[in-house]
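Structure data follow from coords_2.cif (mmCIF, C-alpha atoms and all ligand atoms):
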data_work
loop_
_atom_site.group_PDB
_atom_site.id
_atom_site.type_symbol
_atom_site.label_atom_id
_atom_site.label_comp_id
_atom_site.auth_asym_id
_atom_site.auth_seq_id
_atom_site.Cartn_x
_atom_site.Cartn_y
_atom_site.Cartn_z
ATOM 1 C CA MET A 77 -0.530 -8.546 -16.731
ATOM 2 C CA ASN A 78 -1.357 -12.136 -15.913
ATOM 3 C CA ILE A 79 -1.326 -12.773 -12.141
ATOM 4 C CA ASN A 80 -1.055 -16.558 -12.230
ATOM 5 C CA GLN A 81 2.524 -17.715 -11.463
ATOM 6 C CA THR A 82 3.755 -14.107 -11.361
ATOM 7 C CA VAL A 83 6.031 -12.942 -8.535
ATOM 8 C CA VAL A 84 4.493 -10.304 -6.265
ATOM 9 C CA LEU A 85 6.034 -8.373 -3.391
ATOM 10 C CA ILE A 86 3.639 -6.926 -0.816
ATOM 11 C CA THR A 87 4.929 -4.679 1.971
ATOM 12 C CA GLY A 88 2.996 -4.492 5.231
ATOM 13 C CA GLY A 89 1.883 -8.001 4.314
ATOM 14 C CA GLY A 90 1.642 -9.086 7.949
ATOM 15 C CA SER A 91 -1.634 -7.261 8.626
ATOM 16 C CA GLY A 92 -4.782 -5.583 7.331
ATOM 17 C CA ILE A 93 -4.850 -4.487 3.712
ATOM 18 C CA GLY A 94 -1.473 -6.033 2.830
ATOM 19 C CA ALA A 95 -2.416 -9.431 4.286
ATOM 20 C CA ALA A 96 -5.813 -9.441 2.521
ATOM 21 C CA THR A 97 -4.129 -8.591 -0.784
ATOM 22 C CA ALA A 98 -1.566 -11.343 -0.252
ATOM 23 C CA ARG A 99 -4.326 -13.914 0.356
ATOM 24 C CA HIS A 100 -6.288 -12.821 -2.721
ATOM 25 C CA LEU A 101 -3.315 -12.787 -5.103
ATOM 26 C CA ALA A 102 -2.091 -16.138 -3.764
ATOM 27 C CA GLN A 103 -5.561 -17.571 -4.516
ATOM 28 C CA LEU A 104 -5.197 -16.264 -8.062
ATOM 29 C CA GLY A 105 -1.957 -18.223 -8.382
ATOM 30 C CA ALA A 106 0.646 -15.508 -7.710
ATOM 31 C CA ARG A 107 3.951 -16.359 -6.053
ATOM 32 C CA VAL A 108 3.822 -14.020 -3.100
ATOM 33 C CA ALA A 109 6.642 -12.533 -1.028
ATOM 34 C CA LEU A 110 5.779 -10.388 1.967
ATOM 35 C CA ILE A 111 7.840 -7.750 3.715
ATOM 36 C CA ASP A 112 6.918 -6.571 7.194
ATOM 37 C CA ARG A 113 8.873 -5.367 10.190
ATOM 38 C CA ASN A 114 6.671 -7.551 12.408
ATOM 39 C CA SER A 115 8.326 -10.968 12.138
ATOM 40 C CA GLU A 116 5.581 -12.982 13.832
ATOM 41 C CA ALA A 117 2.811 -11.456 11.720
ATOM 42 C CA VAL A 118 4.678 -11.836 8.445
ATOM 43 C CA SER A 119 5.583 -15.463 9.054
ATOM 44 C CA THR A 120 1.987 -16.324 10.039
ATOM 45 C CA VAL A 121 0.535 -14.877 6.816
ATOM 46 C CA ALA A 122 3.356 -16.313 4.685
ATOM 47 C CA LYS A 123 2.757 -19.793 6.112
ATOM 48 C CA GLU A 124 -0.980 -19.547 5.519
ATOM 49 C CA ILE A 125 -0.581 -18.684 1.807
ATOM 50 C CA ASN A 126 2.511 -20.774 1.188
ATOM 51 C CA GLY A 127 4.461 -17.594 0.440
ATOM 52 C CA LEU A 128 7.802 -16.131 1.418
ATOM 53 C CA GLY A 129 7.823 -13.989 4.564
ATOM 54 C CA LEU A 130 10.700 -11.508 4.870
ATOM 55 C CA VAL A 131 11.395 -9.324 7.875
ATOM 56 C CA ALA A 132 12.536 -5.868 6.799
ATOM 57 C CA ASP A 133 11.919 -2.218 7.509
ATOM 58 C CA VAL A 134 10.764 -0.512 4.318
ATOM 59 C CA THR A 135 12.808 2.592 5.147
ATOM 60 C CA ASP A 136 16.082 0.637 5.227
ATOM 61 C CA GLU A 137 17.921 0.548 1.888
ATOM 62 C CA ALA A 138 19.988 -2.559 2.581
ATOM 63 C CA GLN A 139 17.163 -4.554 4.160
ATOM 64 C CA VAL A 140 14.824 -3.943 1.227
ATOM 65 C CA ALA A 141 17.571 -4.593 -1.344
ATOM 66 C CA ASN A 142 18.419 -7.882 0.396
ATOM 67 C CA ALA A 143 14.770 -8.888 0.603
ATOM 68 C CA ILE A 144 14.255 -8.265 -3.130
ATOM 69 C CA ALA A 145 17.445 -10.145 -4.006
ATOM 70 C CA ARG A 146 16.305 -13.094 -1.899
ATOM 71 C CA LEU A 147 12.777 -13.234 -3.255
ATOM 72 C CA GLN A 148 14.114 -13.185 -6.820
ATOM 73 C CA VAL A 149 16.384 -16.139 -6.061
ATOM 74 C CA GLU A 150 13.600 -18.100 -4.349
ATOM 75 C CA LEU A 151 10.564 -17.159 -6.454
ATOM 76 C CA GLY A 152 11.800 -15.727 -9.777
ATOM 77 C CA PRO A 153 11.790 -12.298 -11.455
ATOM 78 C CA LEU A 154 9.807 -9.645 -9.611
ATOM 79 C CA ARG A 155 6.923 -8.242 -11.682
ATOM 80 C CA ILE A 156 4.487 -6.725 -9.179
ATOM 81 C CA ALA A 157 5.181 -4.640 -6.048
ATOM 82 C CA ILE A 158 2.422 -3.422 -3.748
ATOM 83 C CA ASN A 159 3.277 -0.875 -1.060
ATOM 84 C CA CYS A 160 0.923 -1.349 1.894
ATOM 85 C CA ALA A 161 3.272 -0.737 4.856
ATOM 86 C CA GLY A 162 2.326 2.449 6.628
ATOM 87 C CA ILE A 163 1.564 4.078 9.956
ATOM 88 C CA ALA A 164 -1.188 6.485 10.976
ATOM 89 C CA PRO A 165 -0.507 8.107 14.337
ATOM 90 C CA ALA A 166 -2.607 11.209 15.049
ATOM 91 C CA LYS A 167 -1.422 14.306 16.918
ATOM 92 C CA ARG A 168 -2.443 17.955 16.857
ATOM 93 C CA ILE A 169 0.163 20.614 16.048
ATOM 94 C CA LEU A 170 -0.600 22.204 19.410
ATOM 95 C CA GLY A 171 -1.927 19.515 21.753
ATOM 96 C CA LYS A 172 -2.500 19.234 25.493
ATOM 97 C CA ALA A 173 1.119 18.097 25.909
ATOM 98 C CA GLY A 174 2.473 21.088 23.942
ATOM 99 C CA VAL A 175 3.755 21.514 20.412
ATOM 100 C CA MET A 176 4.131 18.441 18.220
ATOM 101 C CA PRO A 177 7.771 17.273 18.297
ATOM 102 C CA LEU A 178 9.343 17.648 14.858
ATOM 103 C CA SER A 179 10.534 14.056 15.145
ATOM 104 C CA ASP A 180 6.894 12.829 15.177
ATOM 105 C CA PHE A 181 6.244 14.507 11.837
ATOM 106 C CA GLN A 182 9.539 13.231 10.433
ATOM 107 C CA HIS A 183 8.816 9.656 11.526
ATOM 108 C CA VAL A 184 5.477 9.486 9.687
ATOM 109 C CA LEU A 185 7.053 10.888 6.503
ATOM 110 C CA GLN A 186 9.987 8.527 6.892
ATOM 111 C CA VAL A 187 7.820 5.395 6.991
ATOM 112 C CA ASN A 188 5.008 6.389 4.624
ATOM 113 C CA VAL A 189 6.899 8.397 1.984
ATOM 114 C CA ILE A 190 10.549 7.343 2.180
ATOM 115 C CA GLY A 191 9.544 3.717 2.830
ATOM 116 C CA THR A 192 7.170 3.669 -0.155
ATOM 117 C CA PHE A 193 9.705 5.333 -2.441
ATOM 118 C CA ASN A 194 12.516 3.054 -1.262
ATOM 119 C CA VAL A 195 10.527 -0.051 -2.210
ATOM 120 C CA LEU A 196 9.300 1.552 -5.449
ATOM 121 C CA ARG A 197 12.809 2.399 -6.657
ATOM 122 C CA LEU A 198 14.395 -0.949 -5.716
ATOM 123 C CA ALA A 199 11.449 -2.938 -7.121
ATOM 124 C CA ALA A 200 11.696 -0.907 -10.355
ATOM 125 C CA GLU A 201 15.429 -1.630 -10.549
ATOM 126 C CA ALA A 202 14.747 -5.361 -10.279
ATOM 127 C CA MET A 203 11.816 -5.305 -12.736
ATOM 128 C CA ALA A 204 13.797 -3.339 -15.326
ATOM 129 C CA THR A 205 16.312 -6.174 -15.683
ATOM 130 C CA ALA A 206 13.646 -8.767 -16.588
ATOM 131 C CA GLU A 207 12.515 -9.507 -20.145
ATOM 132 C CA PRO A 208 9.345 -7.749 -21.370
ATOM 133 C CA LEU A 209 6.284 -9.978 -21.086
ATOM 134 C CA ASP A 210 4.503 -8.960 -24.281
ATOM 135 C CA ASN A 211 4.597 -6.849 -27.445
ATOM 136 C CA ASP A 212 3.675 -3.696 -25.493
ATOM 137 C CA GLY A 213 6.901 -4.130 -23.506
ATOM 138 C CA ASN A 214 5.221 -4.671 -20.094
ATOM 139 C CA ARG A 215 7.807 -5.501 -17.441
ATOM 140 C CA GLY A 216 6.000 -4.781 -14.192
ATOM 141 C CA VAL A 217 3.525 -2.817 -12.125
ATOM 142 C CA ILE A 218 3.890 -0.976 -8.831
ATOM 143 C CA ILE A 219 0.848 -0.125 -6.692
ATOM 144 C CA ASN A 220 1.110 2.329 -3.782
ATOM 145 C CA THR A 221 -1.325 2.979 -0.957
ATOM 146 C CA ALA A 222 -2.307 6.557 -0.209
ATOM 147 C CA SER A 223 -5.485 7.491 1.691
ATOM 148 C CA ILE A 224 -8.404 9.870 1.273
ATOM 149 C CA ALA A 225 -6.619 11.801 4.050
ATOM 150 C CA ALA A 226 -4.359 13.011 1.212
ATOM 151 C CA TYR A 227 -7.317 15.184 0.180
ATOM 152 C CA GLU A 228 -9.460 15.618 3.304
ATOM 153 C CA GLY A 229 -7.216 15.188 6.312
ATOM 154 C CA GLN A 230 -8.783 15.433 9.739
ATOM 155 C CA ILE A 231 -7.665 17.177 12.928
ATOM 156 C CA GLY A 232 -4.443 15.569 14.119
ATOM 157 C CA GLN A 233 -3.522 14.322 10.641
ATOM 158 C CA THR A 234 -1.025 16.921 9.368
ATOM 159 C CA ALA A 235 1.789 14.386 9.174
ATOM 160 C CA TYR A 236 -0.345 11.497 7.878
ATOM 161 C CA SER A 237 -2.128 13.657 5.281
ATOM 162 C CA ALA A 238 1.143 15.210 4.104
ATOM 163 C CA SER A 239 2.663 11.741 3.736
ATOM 164 C CA LYS A 240 -0.291 10.400 1.749
ATOM 165 C CA ALA A 241 -0.451 13.543 -0.424
ATOM 166 C CA ALA A 242 3.219 12.916 -1.252
ATOM 167 C CA ILE A 243 2.332 9.422 -2.463
ATOM 168 C CA VAL A 244 -0.460 10.885 -4.614
ATOM 169 C CA GLY A 245 2.014 13.439 -5.973
ATOM 170 C CA LEU A 246 4.732 10.983 -6.898
ATOM 171 C CA THR A 247 2.401 8.635 -8.789
ATOM 172 C CA LEU A 248 2.377 10.416 -12.165
ATOM 173 C CA PRO A 249 6.078 11.374 -12.304
ATOM 174 C CA ALA A 250 7.026 7.829 -11.254
ATOM 175 C CA ALA A 251 4.843 6.423 -14.054
ATOM 176 C CA ARG A 252 6.497 8.833 -16.491
ATOM 177 C CA ASP A 253 10.002 7.948 -15.261
ATOM 178 C CA LEU A 254 9.391 4.222 -15.548
ATOM 179 C CA ALA A 255 7.458 4.230 -18.823
ATOM 180 C CA ALA A 256 10.742 3.813 -20.706
ATOM 181 C CA VAL A 257 11.231 0.403 -19.079
ATOM 182 C CA GLY A 258 7.600 -0.750 -19.311
ATOM 183 C CA ILE A 259 6.694 -0.420 -15.630
ATOM 184 C CA ARG A 260 3.318 1.033 -14.639
ATOM 185 C CA VAL A 261 2.733 2.933 -11.373
ATOM 186 C CA MET A 262 -0.704 3.260 -9.778
ATOM 187 C CA THR A 263 -1.954 4.364 -6.349
ATOM 188 C CA ILE A 264 -5.055 3.360 -4.401
ATOM 189 C CA ALA A 265 -6.471 5.891 -1.929
ATOM 190 C CA PRO A 266 -8.660 3.940 0.501
ATOM 191 C CA GLY A 267 -11.326 5.466 2.701
ATOM 192 C CA LEU A 268 -12.189 3.792 6.006
ATOM 193 C CA MET A 269 -11.211 0.140 5.862
ATOM 194 C CA ALA A 270 -11.974 -2.500 8.497
ATOM 195 C CA THR A 271 -8.419 -3.511 9.389
ATOM 196 C CA PRO A 272 -6.935 -4.250 12.841
ATOM 197 C CA LEU A 273 -6.041 -0.559 12.963
ATOM 198 C CA MET A 274 -9.735 0.397 12.680
ATOM 199 C CA GLN A 275 -11.146 -2.608 14.545
ATOM 200 C CA ALA A 276 -9.236 -1.497 17.646
ATOM 201 C CA PHE A 277 -11.732 1.391 17.978
ATOM 202 C CA PRO A 278 -14.857 0.886 20.128
ATOM 203 C CA LYS A 279 -17.952 -0.356 18.236
ATOM 204 C CA GLU A 280 -19.741 3.054 18.586
ATOM 205 C CA VAL A 281 -16.766 4.804 16.963
ATOM 206 C CA GLN A 282 -16.717 2.284 14.120
ATOM 207 C CA ASP A 283 -20.500 2.680 13.655
ATOM 208 C CA SER A 284 -20.257 6.451 13.578
ATOM 209 C CA LEU A 285 -17.416 6.328 11.043
ATOM 210 C CA ALA A 286 -19.395 3.867 8.922
ATOM 211 C CA ALA A 287 -22.443 6.187 9.027
ATOM 212 C CA SER A 288 -20.430 8.918 7.298
ATOM 213 C CA VAL A 289 -19.907 6.722 4.216
ATOM 214 C CA ASN A 290 -22.432 7.338 1.415
ATOM 215 C CA PHE A 291 -22.918 3.828 0.071
ATOM 216 C CA PRO A 292 -22.437 1.052 1.029
ATOM 217 C CA LYS A 293 -22.942 2.345 4.597
ATOM 218 C CA ARG A 294 -20.136 0.412 6.211
ATOM 219 C CA LEU A 295 -16.372 0.333 6.516
ATOM 220 C CA GLY A 296 -14.523 -0.947 3.481
ATOM 221 C CA ASN A 297 -13.409 -4.542 3.490
ATOM 222 C CA PRO A 298 -9.665 -5.130 2.927
ATOM 223 C CA ASP A 299 -10.732 -7.712 0.322
ATOM 224 C CA GLU A 300 -12.181 -4.835 -1.710
ATOM 225 C CA PHE A 301 -8.703 -3.272 -1.832
ATOM 226 C CA ALA A 302 -7.357 -6.654 -2.966
ATOM 227 C CA LEU A 303 -9.954 -6.844 -5.768
ATOM 228 C CA LEU A 304 -8.909 -3.403 -7.024
ATOM 229 C CA ALA A 305 -5.211 -4.270 -6.822
ATOM 230 C CA ALA A 306 -5.880 -7.411 -8.891
ATOM 231 C CA HIS A 307 -7.765 -5.364 -11.481
ATOM 232 C CA ILE A 308 -4.929 -2.832 -11.706
ATOM 233 C CA ILE A 309 -2.487 -5.683 -12.310
ATOM 234 C CA ASP A 310 -4.785 -7.155 -14.980
ATOM 235 C CA ASN A 311 -5.574 -3.937 -16.829
ATOM 236 C CA ASP A 312 -2.459 -2.712 -18.638
ATOM 237 C CA TYR A 313 -4.032 0.595 -19.644
ATOM 238 C CA LEU A 314 -4.248 1.830 -16.035
ATOM 239 C CA ASN A 315 -1.160 3.927 -15.354
ATOM 240 C CA GLY A 316 -0.125 7.102 -13.511
ATOM 241 C CA GLU A 317 -3.463 7.499 -11.701
ATOM 242 C CA VAL A 318 -4.841 7.491 -8.144
ATOM 243 C CA ILE A 319 -8.125 5.651 -7.531
ATOM 244 C CA ARG A 320 -10.247 6.421 -4.468
ATOM 245 C CA LEU A 321 -11.814 3.367 -2.826
ATOM 246 C CA ASP A 322 -14.199 4.932 -0.340
ATOM 247 C CA GLY A 323 -17.940 4.427 -0.922
ATOM 248 C CA ALA A 324 -18.131 8.098 -2.074
ATOM 249 C CA LEU A 325 -17.034 9.275 1.395
ATOM 250 C CA ARG A 326 -15.780 12.868 1.477
ATOM 251 C CA MET A 327 -14.505 13.517 4.988
ATOM 252 C CA ARG A 328 -15.789 16.707 6.580
ATOM 253 C CA GLU A 329 -14.170 18.665 9.367
ATOM 254 C CA LYS A 330 -15.024 16.968 12.682
HETATM 255 N N1 LIG A 401 -7.277 0.990 7.474
HETATM 256 C C1 LIG A 401 -7.687 2.100 6.872
HETATM 257 O O1 LIG A 401 -8.797 2.611 7.095
HETATM 258 C C2 LIG A 401 -6.783 2.800 5.865
HETATM 259 C C3 LIG A 401 -7.321 3.867 5.145
HETATM 260 C C4 LIG A 401 -6.521 4.516 4.213
HETATM 261 C C5 LIG A 401 -5.226 4.107 4.001
HETATM 262 N N2 LIG A 401 -4.724 3.075 4.704
HETATM 263 C C6 LIG A 401 -3.336 2.701 4.441
HETATM 264 O O2 LIG A 401 -3.273 1.322 4.107
HETATM 265 C C7 LIG A 401 -2.002 0.801 4.497
HETATM 266 C C8 LIG A 401 -2.212 -0.459 5.332
HETATM 267 O O3 LIG A 401 -2.976 -0.103 6.458
HETATM 268 P P1 LIG A 401 -3.683 -1.180 7.398
HETATM 269 O O4 LIG A 401 -4.950 -0.556 7.874
HETATM 270 O O5 LIG A 401 -3.690 -2.496 6.718
HETATM 271 O O6 LIG A 401 -2.669 -1.132 8.625
HETATM 272 P P2 LIG A 401 -2.079 -2.308 9.547
HETATM 273 O O7 LIG A 401 -1.509 -1.599 10.719
HETATM 274 O O8 LIG A 401 -3.119 -3.371 9.762
HETATM 275 O O9 LIG A 401 -0.895 -2.922 8.651
HETATM 276 C C9 LIG A 401 0.270 -2.195 8.355
HETATM 277 C C10 LIG A 401 1.439 -3.157 8.335
HETATM 278 O O10 LIG A 401 2.599 -2.406 7.943
HETATM 279 C C11 LIG A 401 3.698 -2.837 8.737
HETATM 280 N N3 LIG A 401 4.698 -1.769 8.808
HETATM 281 C C12 LIG A 401 4.553 -0.551 9.380
HETATM 282 N N4 LIG A 401 5.707 0.145 9.283
HETATM 283 C C13 LIG A 401 6.598 -0.660 8.626
HETATM 284 C C14 LIG A 401 7.952 -0.500 8.226
HETATM 285 N N5 LIG A 401 8.631 0.610 8.496
HETATM 286 N N6 LIG A 401 8.536 -1.516 7.562
HETATM 287 C C15 LIG A 401 7.871 -2.670 7.299
HETATM 288 N N7 LIG A 401 6.585 -2.868 7.670
HETATM 289 C C16 LIG A 401 5.955 -1.874 8.322
HETATM 290 C C17 LIG A 401 3.091 -3.142 10.093
HETATM 291 O O11 LIG A 401 3.921 -4.009 10.861
HETATM 292 C C18 LIG A 401 1.752 -3.776 9.706
HETATM 293 O O12 LIG A 401 1.863 -5.187 9.592
HETATM 294 C C19 LIG A 401 -1.281 1.934 5.246
HETATM 295 O O13 LIG A 401 -0.421 2.585 4.348
HETATM 296 C C20 LIG A 401 -2.424 2.860 5.643
HETATM 297 O O14 LIG A 401 -1.999 4.194 5.778
HETATM 298 C C21 LIG A 401 -5.466 2.405 5.642
#

Could you express the structure from this file as structure tokens?
Ligand SMILES: NC(=O)c1ccc[n+]([C@@H]2O[C@H](COP(=O)([O-])OP(=O)(O)OC[C@H]3O[C@@H](n4cnc5c(N)ncnc54)[C@H](O)[C@@H]3O)[C@@H](O)[C@H]2O)c1
Amino acid sequence: MNINQTVVLITGGGSGIGAATARHLAQLGARVALIDRNSEAVSTVAKEINGLGLVADVTDEAQVANAIARLQVELGPLRIAINCAGIAPAKRILGKAGVMPLSDFQHVLQVNVIGTFNVLRLAAEAMATAEPLDNDGNRGVIINTASIAAYEGQIGQTAYSASKAAIVGLTLPAARDLAAVGIRVMTIAPGLMATPLMQAFPKEVQDSLAASVNFPKRLGNPDEFALLAAHIIDNDYLNGEVIRLDGALRMREK
């Protein structure tokens, strides 16, 4: 699918991977709308790329539906949706403060799984009403963000790993569901990326994490996620698959 002049929605666009992807796609000529629950962050990035910043919580049906309706009025038919909003709190099942509250587990699944699916389904609904773009019948593409923690979760990551494994698991059936309307579904599973989330760690921690990557021996750059997202958009034969973006890192038990 051609990126130039195409309408893209990026969730979590106020920070890290989502913001880097927004900048890259805007440079390639996309018309970018961002959703984030952080109003200051989303308006800063939107202003910078001359895009549309929308404040919404991805888990809220009405807020996401309203945001998609508004972006379609202001920018045109939605063709590309990229789910980057997510949270990654860590807590052991049995920690120093006692057993993990069930609500902690539920909250991570609510944001990462329900939020991703909520945007996926409403974006698909919008895309399905647009005309096909070519003889193959392409109408749109949806890209989700999992994590290598879906496969090799660390101590304290039961909730996060379960949420990312759910995103891996829904990728193929979502692609099969939406094939009838010409919408592709792909997922990127990043390794350790240098985002504000990671950069908040002390330098020694960042260095030690980087040392566990095979090659290149460094944290991933959010721009490298953006490059892969752009390729997925471009390459119509990619569908129903999860791609690891991790410098061959396979996380071991710490
Ligand atoms: N940074 C990494 O190393 C890494 C590795 C693997 C996967 N990921 C995944 O990549 C995605 C982006 O991570 P990041 O590192 O850029 O994080 P980040 O914290 O820099 O950005 C996440 C953004 O999502 C927004 N957000 C969170 N919950 C939301 C909600 N309910 N509704 C709307 N917006 C919400 C936040 O406000 C924030 O702007 C996440 O899904 C994360 O799990 C990150």

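Nearest to ligand LIG 401 (chain A) of all the residues A:Thr247, A:Gln148, A:Asn80, A:Ser115 is A:Ser115, counting all atoms listed in the file.
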
Axis-aligned box for all listed atoms of region 247-254 of chain A, 5 Å per side, centre and edges in Å to one decimal, as lines of an AutoDock Vina configuration file:
center_x = 6.2
center_y = 7.8
center_z = -12.6
size_x = 17.6
size_y = 17.2
size_z = 17.7

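Of note, CA of Glu280 (chain A) and CA of Gly296 (chain A) are spaced 16.5 Å apart.
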
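In this model, the gap between CA of Ala242 (chain A) and CA of Gly316 (chain A) comes to 14.0 Å.
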
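Across A:Ala202, A:Leu178, A:Val184, A:Val195, the tightest approach to Val83 (chain A) is made by A:Ala202 when counting only C-alpha atoms.
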
Selection result of the PyMOL selection byres (((not hetatm)) within 9 of (chain A and resi 401)) on this file, as an MDAnalysis selection string: chainID A and resid 87:96 111:115 117:118 131:136 159:164 186:188 191:192 220:225 236 240 264:275 295:296 298 321:322

Correct to one decimal, the distance CA of Arg260 (chain A)-CA of Val217 (chain A) is 4.6 Å

Compile the contact shell of Arg252 (chain A) as a PyMOL selection string: residues with an atom at most 12 Å away, counting all atoms listed in the file, same-chain residues fewer than 4 positions apart removed. chain A and resi 246-248+256-262+315-317

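When the PyMOL selection byres (((chain A and resi 213) around 12) and not hetatm) is evaluated against the file, it yields Met77, Met203, Ala204, Ala206, Glu207, Pro208, Leu209, Asp210, Asn211, Asp212, Asn214, Arg215, Gly216, Val217, Leu254, Ala255, Ala256, Val257, Gly258, Ile259, Arg260 and Asp312 of chain A.
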
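Applied to the file shown here, the PyMOL selection byres (((chain A and resi 85) around 7) and not hetatm) selects Val83, Val84, Ile86, Thr87, Val108, Ala109, Leu110, Ile156, Ala157 and Ile158 of chain A.
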
Identify which of the residues A:Ala276, A:Met327, A:Leu304, A:Val140 lies closest to Ile219 (chain A), counting all atoms listed in the file when measuring atom-to-atom distances. A:Leu304

Judged by all atoms listed in the file, the minimum distance to Asp180 (chain A) among A:Ala235, A:Gly105, A:Glu228, A:Ile144 is found for A:Ala235

Between A:Leu185, A:Ile231, A:Val281, A:Leu170, which one has atoms that come closest to Ile243 (chain A), using only C-alpha atoms? A:Leu185

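Proximity ranking of A:Ala238, A:Ala166, A:Leu325, A:Ile218 relative to Ile309 (chain A) places A:Ile218 first, based on only C-alpha atoms.
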
Skip Ser237 (chain A) itself and residues of its chain fewer than 4 positions away, then list as a VMD selection string all residues within 6 Å of it, counting all atoms listed in the file. chain A and resid 225 to 226 229 233 241
